[in-house]
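Enquirer: Next comes the structure file target11.pdb, holding PDB, C-alpha atoms, pLDDT in the B column.
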```pdb
ATOM      1  CA  MET A   1     -22.304  11.436   7.238  1.00 83.00           C
ATOM      2  CA  LEU A   2     -25.642  12.777   5.989  1.00 85.00           C
ATOM      3  CA  HIS A   3     -24.325  12.803   2.434  1.00 83.00           C
ATOM      4  CA  ARG A   4     -22.819   9.310   2.829  1.00 82.00           C
ATOM      5  CA  ASP A   5     -26.163   7.921   4.026  1.00 85.00           C
ATOM      6  CA  GLY A   6     -28.143   9.687   1.300  1.00 86.00           C
ATOM      7  CA  TYR A   7     -29.945  11.973   3.778  1.00 87.00           C
ATOM      8  CA  THR A   8     -31.977   8.921   4.769  1.00 90.00           C
ATOM      9  CA  CYS A   9     -32.707   7.451   8.189  1.00 90.00           C
ATOM     10  CA  GLN A  10     -30.780   4.179   8.370  1.00 89.00           C
ATOM     11  CA  CYS A  11     -33.432   2.709  10.648  1.00 87.00           C
ATOM     12  CA  CYS A  12     -36.873   3.467   9.221  1.00 87.00           C
ATOM     13  CA  GLY A  13     -35.774   4.656   5.763  1.00 87.00           C
ATOM     14  CA  THR A  14     -37.369   8.090   6.074  1.00 86.00           C
ATOM     15  CA  HIS A  15     -36.213  10.524   3.392  1.00 85.00           C
ATOM     16  CA  ASP A  16     -38.289  13.652   3.880  1.00 80.00           C
ATOM     17  CA  ASN A  17     -37.248  17.313   3.934  1.00 79.00           C
ATOM     18  CA  ASN A  18     -39.764  17.919   6.719  1.00 83.00           C
ATOM     19  CA  ILE A  19     -38.108  15.368   9.038  1.00 86.00           C
ATOM     20  CA  LYS A  20     -35.055  16.469  11.002  1.00 90.00           C
ATOM     21  CA  LEU A  21     -32.075  14.127  10.719  1.00 92.00           C
ATOM     22  CA  HIS A  22     -29.533  13.436  13.471  1.00 92.00           C
ATOM     23  CA  VAL A  23     -26.067  11.826  13.390  1.00 91.00           C
ATOM     24  CA  HIS A  24     -25.929   9.073  16.019  1.00 91.00           C
ATOM     25  CA  HIS A  25     -22.865   7.484  17.656  1.00 89.00           C
ATOM     26  CA  ILE A  26     -23.121   3.697  17.239  1.00 86.00           C
ATOM     27  CA  GLU A  27     -20.701   3.219  20.113  1.00 82.00           C
ATOM     28  CA  SER A  28     -20.469   5.900  22.772  1.00 80.00           C
ATOM     29  CA  ARG A  29     -18.434   8.961  21.866  1.00 78.00           C
ATOM     30  CA  GLN A  30     -15.992   8.075  24.638  1.00 75.00           C
ATOM     31  CA  THR A  31     -15.478   4.553  23.263  1.00 75.00           C
ATOM     32  CA  GLY A  32     -15.739   4.982  19.496  1.00 74.00           C
ATOM     33  CA  GLY A  33     -15.027   8.679  19.095  1.00 78.00           C
ATOM     34  CA  ASN A  34     -16.231  10.763  16.161  1.00 80.00           C
ATOM     35  CA  ALA A  35     -14.772   8.497  13.479  1.00 78.00           C
ATOM     36  CA  PRO A  36     -17.040   8.316  10.378  1.00 79.00           C
ATOM     37  CA  SER A  37     -17.273   4.542  10.849  1.00 78.00           C
ATOM     38  CA  ASN A  38     -18.857   5.130  14.271  1.00 83.00           C
ATOM     39  CA  LEU A  39     -21.559   7.479  13.014  1.00 87.00           C
ATOM     40  CA  ILE A  40     -24.906   6.746  11.408  1.00 90.00           C
ATOM     41  CA  THR A  41     -27.830   8.886  10.211  1.00 91.00           C
ATOM     42  CA  LEU A  42     -31.158   8.576  12.054  1.00 92.00           C
ATOM     43  CA  CYS A  43     -34.344  10.608  11.917  1.00 92.00           C
ATOM     44  CA  GLU A  44     -35.310  12.581  15.006  1.00 91.00           C
ATOM     45  CA  HIS A  45     -38.044  10.082  16.018  1.00 92.00           C
ATOM     46  CA  CYS A  46     -35.825   6.981  15.697  1.00 91.00           C
ATOM     47  CA  HIS A  47     -32.967   8.713  17.488  1.00 92.00           C
ATOM     48  CA  LYS A  48     -35.083   9.582  20.506  1.00 91.00           C
ATOM     49  CA  ALA A  49     -36.695   6.121  20.618  1.00 91.00           C
ATOM     50  CA  LEU A  50     -33.281   4.450  20.416  1.00 89.00           C
ATOM     51  CA  HIS A  51     -31.938   6.395  23.391  1.00 89.00           C
ATOM     52  CA  LYS A  52     -35.087   5.589  25.383  1.00 88.00           C
ATOM     53  CA  GLY A  53     -34.389   1.896  24.808  1.00 86.00           C
ATOM     54  CA  LYS A  54     -37.556   1.248  22.811  1.00 86.00           C
ATOM     55  CA  PHE A  55     -35.659  -0.601  20.061  1.00 81.00           C
ATOM     56  CA  GLU A  56     -32.148  -1.488  18.896  1.00 82.00           C
ATOM     57  CA  LEU A  57     -30.399  -0.715  15.639  1.00 82.00           C
ATOM     58  CA  PRO A  58     -31.166  -3.244  12.879  1.00 74.00           C
ATOM     59  CA  LYS A  59     -28.628  -6.037  12.399  1.00 70.00           C
ATOM     60  CA  GLY A  60     -25.789  -5.047  10.123  1.00 64.00           C
ATOM     61  CA  LYS A  61     -25.840  -1.421  11.223  1.00 64.00           C
ATOM     62  CA  LYS A  62     -22.489  -1.688  12.922  1.00 56.00           C
ATOM     63  CA  ARG A  63     -19.281   0.250  12.521  1.00 53.00           C
ATOM     64  CA  GLY A  64     -18.901   0.739   8.798  1.00 53.00           C
ATOM     65  CA  LYS A  65     -15.992   1.354   6.459  1.00 55.00           C
ATOM     66  CA  SER A  66     -13.017   3.203   7.880  1.00 57.00           C
ATOM     67  CA  TYR A  67     -12.192   6.514   6.206  1.00 57.00           C
ATOM     68  CA  ARG A  68      -8.890   6.911   8.073  1.00 63.00           C
ATOM     69  CA  ASP A  69      -6.639   6.690   4.993  1.00 65.00           C
ATOM     70  CA  ALA A  70      -8.764   9.039   2.916  1.00 67.00           C
ATOM     71  CA  THR A  71      -9.006  11.537   5.753  1.00 69.00           C
ATOM     72  CA  PHE A  72      -5.249  11.434   6.318  1.00 70.00           C
ATOM     73  CA  MET A  73      -4.509  12.077   2.643  1.00 73.00           C
ATOM     74  CA  GLY A  74      -7.018  14.911   2.575  1.00 74.00           C
ATOM     75  CA  ILE A  75      -5.206  16.575   5.462  1.00 74.00           C
ATOM     76  CA  MET A  76      -1.689  15.914   4.147  1.00 82.00           C
ATOM     77  CA  ARG A  77      -2.246  16.647   0.445  1.00 82.00           C
ATOM     78  CA  LYS A  78      -1.418  20.354   0.586  1.00 82.00           C
ATOM     79  CA  THR A  79       1.579  19.795   2.884  1.00 85.00           C
ATOM     80  CA  LEU A  80       3.018  17.100   0.600  1.00 86.00           C
ATOM     81  CA  LEU A  81       2.644  19.282  -2.492  1.00 87.00           C
ATOM     82  CA  GLU A  82       4.405  22.212  -0.853  1.00 87.00           C
ATOM     83  CA  ARG A  83       7.307  20.032   0.339  1.00 87.00           C
ATOM     84  CA  LEU A  84       7.693  18.422  -3.075  1.00 87.00           C
ATOM     85  CA  LYS A  85       7.852  21.835  -4.757  1.00 87.00           C
ATOM     86  CA  LYS A  86      10.722  22.808  -2.467  1.00 87.00           C
ATOM     87  CA  GLU A  87      12.690  19.544  -2.517  1.00 87.00           C
ATOM     88  CA  ILE A  88      12.655  18.341  -6.129  1.00 85.00           C
ATOM     89  CA  ASP A  89      13.725  20.140  -9.251  1.00 84.00           C
ATOM     90  CA  VAL A  90      10.725  19.282 -11.446  1.00 81.00           C
ATOM     91  CA  PRO A  91       7.304  20.953 -11.792  1.00 84.00           C
ATOM     92  CA  VAL A  92       4.757  19.740  -9.225  1.00 84.00           C
ATOM     93  CA  GLU A  93       1.028  20.345  -9.339  1.00 85.00           C
ATOM     94  CA  GLY A  94      -2.074  18.762  -7.867  1.00 85.00           C
ATOM     95  CA  THR A  95      -5.014  17.206  -9.684  1.00 86.00           C
ATOM     96  CA  TYR A  96      -8.462  15.832  -8.881  1.00 85.00           C
ATOM     97  CA  GLY A  97     -10.251  12.552  -9.357  1.00 87.00           C
ATOM     98  CA  TYR A  98     -12.873  13.913 -11.766  1.00 88.00           C
ATOM     99  CA  ILE A  99     -10.105  15.099 -14.126  1.00 91.00           C
ATOM    100  CA  THR A 100      -8.456  11.668 -14.065  1.00 91.00           C
ATOM    101  CA  LYS A 101     -11.840  10.035 -14.691  1.00 91.00           C
ATOM    102  CA  TYR A 102     -12.464  12.320 -17.687  1.00 91.00           C
ATOM    103  CA  TRP A 103      -9.176  11.309 -19.352  1.00 90.00           C
ATOM    104  CA  ARG A 104      -9.692   7.614 -18.533  1.00 90.00           C
ATOM    105  CA  GLU A 105     -13.186   7.497 -20.049  1.00 91.00           C
ATOM    106  CA  ARG A 106     -12.078   9.531 -23.046  1.00 90.00           C
ATOM    107  CA  ALA A 107      -9.316   7.006 -23.739  1.00 89.00           C
ATOM    108  CA  GLY A 108     -11.620   4.025 -23.100  1.00 89.00           C
ATOM    109  CA  LEU A 109      -9.422   2.616 -20.310  1.00 88.00           C
ATOM    110  CA  GLU A 110     -10.585   0.422 -17.448  1.00 88.00           C
ATOM    111  CA  LYS A 111     -10.452   1.679 -13.864  1.00 88.00           C
ATOM    112  CA  SER A 112      -7.122   0.681 -12.263  1.00 84.00           C
ATOM    113  CA  HIS A 113      -4.229   2.271 -10.389  1.00 83.00           C
ATOM    114  CA  ILE A 114      -1.992   1.900 -13.442  1.00 80.00           C
ATOM    115  CA  ASN A 115      -4.476   3.475 -15.847  1.00 86.00           C
ATOM    116  CA  ASP A 116      -5.135   6.300 -13.383  1.00 89.00           C
ATOM    117  CA  ALA A 117      -1.385   7.022 -13.305  1.00 87.00           C
ATOM    118  CA  ILE A 118      -1.340   7.129 -17.117  1.00 86.00           C
ATOM    119  CA  CYS A 119      -4.275   9.530 -17.217  1.00 90.00           C
ATOM    120  CA  ILE A 120      -2.766  11.798 -14.571  1.00 90.00           C
ATOM    121  CA  SER A 121       0.198  12.197 -16.936  1.00 85.00           C
ATOM    122  CA  LYS A 122      -2.357  13.197 -19.636  1.00 82.00           C
ATOM    123  CA  TYR A 123      -0.752  10.870 -22.186  1.00 85.00           C
ATOM    124  CA  PRO A 124      -3.296   8.020 -22.374  1.00 85.00           C
ATOM    125  CA  TYR A 125      -2.587   7.428 -26.082  1.00 85.00           C
ATOM    126  CA  ALA A 126       1.193   7.062 -25.756  1.00 80.00           C
ATOM    127  CA  LYS A 127       2.829   3.964 -27.246  1.00 78.00           C
ATOM    128  CA  PRO A 128       2.944   1.139 -24.656  1.00 72.00           C
ATOM    129  CA  LEU A 129       6.272   0.047 -23.201  1.00 79.00           C
ATOM    130  CA  ASP A 130       7.364  -3.576 -23.086  1.00 81.00           C
ATOM    131  CA  THR A 131       8.442  -3.515 -19.419  1.00 82.00           C
ATOM    132  CA  TYR A 132       7.430  -2.077 -16.079  1.00 79.00           C
ATOM    133  CA  TYR A 133       9.225  -1.845 -12.734  1.00 82.00           C
ATOM    134  CA  LEU A 134       8.175  -3.515  -9.494  1.00 83.00           C
ATOM    135  CA  THR A 135       9.676  -2.030  -6.314  1.00 85.00           C
ATOM    136  CA  LYS A 136       9.760  -3.274  -2.734  1.00 85.00           C
ATOM    137  CA  VAL A 137      10.996  -1.649   0.483  1.00 85.00           C
ATOM    138  CA  VAL A 138      13.248  -3.806   2.677  1.00 81.00           C
ATOM    139  CA  ARG A 139      14.921  -3.296   6.048  1.00 71.00           C
ATOM    140  CA  ASN A 140      18.585  -2.377   6.329  1.00 64.00           C
ATOM    141  CA  HIS A 141      19.269  -3.689   9.823  1.00 61.00           C
ATOM    142  CA  ASN A 142      18.008  -6.420  12.126  1.00 57.00           C
ATOM    143  CA  ARG A 143      17.009  -4.572  15.287  1.00 57.00           C
ATOM    144  CA  GLN A 144      16.636  -7.779  17.311  1.00 56.00           C
ATOM    145  CA  ILE A 145      20.281  -7.843  18.373  1.00 58.00           C
ATOM    146  CA  HIS A 146      20.180 -11.081  20.390  1.00 56.00           C
ATOM    147  CA  LYS A 147      18.158 -14.257  20.186  1.00 57.00           C
ATOM    148  CA  SER A 148      15.332 -14.550  22.702  1.00 61.00           C
ATOM    149  CA  ASN A 149      16.472 -17.963  24.028  1.00 65.00           C
ATOM    150  CA  PHE A 150      19.815 -18.867  25.558  1.00 60.00           C
ATOM    151  CA  SER A 151      22.058 -21.428  23.867  1.00 65.00           C
ATOM    152  CA  LYS A 152      23.833 -24.253  25.664  1.00 66.00           C
ATOM    153  CA  GLY A 153      26.213 -22.886  28.268  1.00 66.00           C
ATOM    154  CA  GLY A 154      23.985 -19.898  29.045  1.00 65.00           C
ATOM    155  CA  ILE A 155      25.217 -17.830  26.115  1.00 67.00           C
ATOM    156  CA  ARG A 156      22.773 -15.576  24.314  1.00 63.00           C
ATOM    157  CA  LYS A 157      23.941 -15.385  20.696  1.00 64.00           C
ATOM    158  CA  ARG A 158      23.567 -12.354  18.511  1.00 64.00           C
ATOM    159  CA  ASN A 159      20.678 -12.580  16.081  1.00 59.00           C
ATOM    160  CA  GLN A 160      22.572 -10.921  13.235  1.00 63.00           C
ATOM    161  CA  ALA A 161      24.249 -12.749  10.389  1.00 66.00           C
ATOM    162  CA  PRO A 162      27.703 -11.542   9.318  1.00 75.00           C
ATOM    163  CA  TYR A 163      27.713  -8.433   7.132  1.00 78.00           C
ATOM    164  CA  LEU A 164      29.200 -10.442   4.256  1.00 88.00           C
ATOM    165  CA  ILE A 165      28.943 -14.153   3.531  1.00 90.00           C
ATOM    166  CA  LYS A 166      31.101 -15.324   0.634  1.00 91.00           C
ATOM    167  CA  GLY A 167      31.145 -11.696  -0.524  1.00 92.00           C
ATOM    168  CA  PHE A 168      27.338 -11.319  -0.662  1.00 93.00           C
ATOM    169  CA  ARG A 169      24.962  -9.218   1.441  1.00 89.00           C
ATOM    170  CA  LEU A 170      21.268  -9.703   2.166  1.00 89.00           C
ATOM    171  CA  PHE A 171      19.090  -8.285  -0.653  1.00 90.00           C
ATOM    172  CA  ASP A 172      21.953  -8.025  -3.155  1.00 92.00           C
ATOM    173  CA  LYS A 173      20.740  -8.338  -6.747  1.00 93.00           C
ATOM    174  CA  VAL A 174      22.374 -11.350  -8.389  1.00 94.00           C
ATOM    175  CA  LEU A 175      22.386 -13.049 -11.786  1.00 94.00           C
ATOM    176  CA  TYR A 176      21.529 -16.754 -11.959  1.00 95.00           C
ATOM    177  CA  GLN A 177      21.114 -18.625 -15.253  1.00 94.00           C
ATOM    178  CA  GLY A 178      20.645 -15.375 -17.138  1.00 93.00           C
ATOM    179  CA  LYS A 179      17.909 -14.017 -14.828  1.00 91.00           C
ATOM    180  CA  GLU A 180      18.033 -11.462 -12.015  1.00 91.00           C
ATOM    181  CA  TYR A 181      17.068 -12.380  -8.448  1.00 93.00           C
ATOM    182  CA  PHE A 182      17.514 -11.012  -4.916  1.00 93.00           C
ATOM    183  CA  ILE A 183      19.146 -12.692  -1.930  1.00 93.00           C
ATOM    184  CA  PHE A 184      16.481 -13.202   0.753  1.00 91.00           C
ATOM    185  CA  GLY A 185      18.440 -15.599   2.954  1.00 89.00           C
ATOM    186  CA  ARG A 186      22.074 -16.693   3.450  1.00 88.00           C
ATOM    187  CA  ARG A 187      23.755 -19.643   5.088  1.00 88.00           C
ATOM    188  CA  ALA A 188      27.337 -19.875   6.274  1.00 87.00           C
ATOM    189  CA  THR A 189      27.755 -22.912   4.029  1.00 90.00           C
ATOM    190  CA  GLY A 190      27.401 -20.654   0.995  1.00 92.00           C
ATOM    191  CA  TYR A 191      23.925 -21.779  -0.074  1.00 94.00           C
ATOM    192  CA  PHE A 192      21.545 -18.860  -0.498  1.00 95.00           C
ATOM    193  CA  ASP A 193      17.798 -18.330  -0.752  1.00 94.00           C
ATOM    194  CA  ILE A 194      17.282 -16.262  -3.907  1.00 95.00           C
ATOM    195  CA  ARG A 195      13.865 -15.033  -5.019  1.00 93.00           C
ATOM    196  CA  THR A 196      12.014 -12.683  -7.308  1.00 91.00           C
ATOM    197  CA  LEU A 197      10.314  -9.696  -5.670  1.00 88.00           C
ATOM    198  CA  ASP A 198       6.976 -11.502  -5.541  1.00 84.00           C
ATOM    199  CA  GLY A 199       8.594 -14.152  -3.299  1.00 87.00           C
ATOM    200  CA  THR A 200       9.042 -16.950  -5.854  1.00 90.00           C
ATOM    201  CA  LYS A 201      11.927 -19.161  -4.678  1.00 92.00           C
ATOM    202  CA  VAL A 202      14.569 -20.773  -6.884  1.00 93.00           C
ATOM    203  CA  ASN A 203      15.355 -24.458  -6.252  1.00 91.00           C
ATOM    204  CA  LYS A 204      13.434 -24.378  -2.954  1.00 88.00           C
ATOM    205  CA  GLY A 205      15.701 -21.620  -1.632  1.00 88.00           C
ATOM    206  CA  SER A 206      19.065 -23.368  -1.955  1.00 92.00           C
ATOM    207  CA  ILE A 207      21.554 -22.088  -4.560  1.00 95.00           C
ATOM    208  CA  SER A 208      25.339 -22.186  -4.208  1.00 94.00           C
ATOM    209  CA  TYR A 209      27.044 -18.788  -4.162  1.00 94.00           C
ATOM    210  CA  LYS A 210      29.437 -20.102  -6.817  1.00 95.00           C
ATOM    211  CA  LYS A 211      26.598 -20.008  -9.358  1.00 95.00           C
ATOM    212  CA  LEU A 212      25.708 -16.378  -8.616  1.00 95.00           C
ATOM    213  CA  ARG A 213      27.091 -13.164 -10.088  1.00 94.00           C
ATOM    214  CA  ILE A 214      26.613  -9.852  -8.293  1.00 93.00           C
ATOM    215  CA  GLN A 215      24.569  -7.317 -10.284  1.00 91.00           C
ATOM    216  CA  ASP A 216      23.925  -4.604  -7.717  1.00 90.00           C
ATOM    217  CA  THR A 217      24.515  -4.123  -3.993  1.00 88.00           C
ATOM    218  CA  ALA A 218      21.622  -4.057  -1.523  1.00 83.00           C
ATOM    219  CA  LYS A 219      19.546  -0.882  -1.235  1.00 82.00           C
ATOM    220  CA  ALA A 220      16.502   0.155   0.783  1.00 80.00           C
ATOM    221  CA  TYR A 221      14.370  -0.123  -2.376  1.00 84.00           C
ATOM    222  CA  LEU A 222      14.617  -3.228  -4.527  1.00 87.00           C
ATOM    223  CA  LYS A 223      13.673  -2.768  -8.181  1.00 86.00           C
ATOM    224  CA  GLU A 224      12.816  -5.509 -10.678  1.00 85.00           C
ATOM    225  CA  ALA A 225      12.038  -5.058 -14.389  1.00 83.00           C
ATOM    226  CA  ARG A 226       9.149  -7.163 -15.708  1.00 80.00           C
ATOM    227  CA  ALA A 227       7.659  -7.784 -19.126  1.00 79.00           C
ATOM    228  CA  ILE A 228       4.121  -6.540 -19.699  1.00 69.00           C
ATOM    229  CA  PRO A 229       1.624  -9.206 -20.842  1.00 62.00           C
ATOM    230  CA  HIS A 230       0.216  -8.406 -24.291  1.00 49.00           C
ATOM    231  CA  MET A 231      -3.324  -8.310 -22.926  1.00 41.00           C
ATOM    232  CA  ASN A 232      -2.503  -5.695 -20.264  1.00 44.00           C
ATOM    233  CA  LYS A 233       0.017  -3.340 -21.847  1.00 42.00           C
ATOM    234  CA  PHE A 234       0.201   0.150 -20.407  1.00 43.00           C
ATOM    235  CA  THR A 235       2.389   3.212 -20.632  1.00 43.00           C
ATOM    236  CA  CYS A 236       4.183   4.676 -17.631  1.00 41.00           C
ATOM    237  CA  VAL A 237       6.277   7.829 -17.883  1.00 41.00           C
ATOM    238  CA  LEU A 238       8.704   8.064 -14.947  1.00 39.00           C
ATOM    239  CA  ALA A 239      10.649  11.195 -14.016  1.00 34.00           C
TER     240      ALA A 239
END
```
Can you present the structure in this file as structure tokens?
Expert:
Amino acid sequence: MLHRDGYTCQCCGTHDNNIKLHVHHIESRQTGGNAPSNLITLCEHCHKALHKGKFELPKGKKRGKSYRDATFMGIMRKTLLERLKKEIDVPVEGTYGYITKYWRERAGLEKSHINDAICISKYPYAKPLDTYYLTKVVRNHNRQIHKSNFSKGGIRKRNQAPYLIKGFRLFDKVLYQGKEYFIFGRRATGYFDIRTLDGTKVNKGSISYKKLRIQDTAKAYLKEARAIPHMNKFTCVLA
């Protein structure tokens, strides 16, 4: 926290080696815990005055940015690397952000997740591909077995559609007018809601099953190939 706050009191702005700095809990330790977002740097004088009720923290000095994700990855990094080395049959090694930054700046690339992935591979000058792959995780089962409200006659219907409707399952990849889509919704009448992975509907979500051709059966991970715009071409080497 001292490093994050620049070794400066966040109340009076004191930055002096002769002044002792304290880390203060914005909310009580019992309420907010020791999360980095609940801690702030104060000089010894401001800290004592604050607890004596002589003043309040300046406006805006509230709980800051959460470091939960970064902390979690820092803890799990070594464990993940060791498990990967045991479970996959390809070389696995760790790297660091400053190495990625070195390769990115050397290649003159902008900061982005895609360019970072290229630089981690250490092939920033490779010839760009024309396509990339977008993936999305989807559920396999509807865990809400029955509808919450009763139907007429006091019958609570199951909330699951049939496994197959006209030979198609939910999230099957299908071909329609020469393009690939995924089934996001089905009706017993045989009219389906087909979409791209970004959620773009076709014909307002109503296409007859007779116009569809199955390309691939549903899986937990949906994968869609996309063309790379000429202005944002990148290279991605996948193992």
Enquirer: I'd like the residues picked by the PyMOL selection byres ((chain A and resi 180) around 12) written out as an NGL selection string, using the chain letters and numbers from the file.
Expert: :A and (171-179 or 181-183 or 194-197 or 202 or 212-216 or 222-226)
Enquirer: For atom CA of A:Gly190 and atom CA of A:Lys219, quote the distance in Å rounded to one decimal.
Expert: 21.4 Å
Enquirer: Which residues match the PyMOL selection byres ((chain A and resi 10) around 12) in the file above, as number ranges by chain?
Expert: A: 1-2, 4-9, 11-15, 21-24, 26, 39-44, 46-47, 57-62
Enquirer: Produce a file of the selected residues containing C-alpha atoms, as an mmCIF file, in the frame of the given file.
Expert:
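result32.cif was written with the following content:
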```
data_model
loop_
_atom_site.group_PDB
_atom_site.id
_atom_site.type_symbol
_atom_site.label_atom_id
_atom_site.label_comp_id
_atom_site.auth_asym_id
_atom_site.auth_seq_id
_atom_site.Cartn_x
_atom_site.Cartn_y
_atom_site.Cartn_z
ATOM 1 C CA MET A 1 -22.304 11.436 7.238
ATOM 2 C CA LEU A 2 -25.642 12.777 5.989
ATOM 3 C CA ARG A 4 -22.819 9.310 2.829
ATOM 4 C CA ASP A 5 -26.163 7.921 4.026
ATOM 5 C CA GLY A 6 -28.143 9.687 1.300
ATOM 6 C CA TYR A 7 -29.945 11.973 3.778
ATOM 7 C CA THR A 8 -31.977 8.921 4.769
ATOM 8 C CA CYS A 9 -32.707 7.451 8.189
ATOM 9 C CA CYS A 11 -33.432 2.709 10.648
ATOM 10 C CA CYS A 12 -36.873 3.467 9.221
ATOM 11 C CA GLY A 13 -35.774 4.656 5.763
ATOM 12 C CA THR A 14 -37.369 8.090 6.074
ATOM 13 C CA HIS A 15 -36.213 10.524 3.392
ATOM 14 C CA LEU A 21 -32.075 14.127 10.719
ATOM 15 C CA HIS A 22 -29.533 13.436 13.471
ATOM 16 C CA VAL A 23 -26.067 11.826 13.390
ATOM 17 C CA HIS A 24 -25.929 9.073 16.019
ATOM 18 C CA ILE A 26 -23.121 3.697 17.239
ATOM 19 C CA LEU A 39 -21.559 7.479 13.014
ATOM 20 C CA ILE A 40 -24.906 6.746 11.408
ATOM 21 C CA THR A 41 -27.830 8.886 10.211
ATOM 22 C CA LEU A 42 -31.158 8.576 12.054
ATOM 23 C CA CYS A 43 -34.344 10.608 11.917
ATOM 24 C CA GLU A 44 -35.310 12.581 15.006
ATOM 25 C CA CYS A 46 -35.825 6.981 15.697
ATOM 26 C CA HIS A 47 -32.967 8.713 17.488
ATOM 27 C CA LEU A 57 -30.399 -0.715 15.639
ATOM 28 C CA PRO A 58 -31.166 -3.244 12.879
ATOM 29 C CA LYS A 59 -28.628 -6.037 12.399
ATOM 30 C CA GLY A 60 -25.789 -5.047 10.123
ATOM 31 C CA LYS A 61 -25.840 -1.421 11.223
ATOM 32 C CA LYS A 62 -22.489 -1.688 12.922
#
```
Enquirer: To one decimal in Å, tell me the separation between atom CA of A:Thr131 and atom CA of A:Ser112.
Expert: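 For atom CA of A:Thr131 relative to atom CA of A:Ser112, the distance reads 17.6 Å.
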Enquirer: Decode the PyMOL selection byres ((chain A and resi 187) around 10) for the given file into explicit residues and return them as an MDAnalysis selection string.
Expert: chainID A and resid 161:162 165:166 185:186 188:193 206 208:209
Enquirer: Between atom CA of A:Thr79 and atom CA of A:Gly32, what is the distance in Å, rounded to a tenth?
Expert: 28.2 Å
Enquirer: Could you check the closest approach to A:Gly74 for each of A:Tyr163, A:Tyr132, A:Tyr96, A:Tyr221 and tell me which residue wins, using all atoms listed in the file?
Expert: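 Among the listed residues, the smallest separation from A:Gly74 belongs to A:Tyr96.
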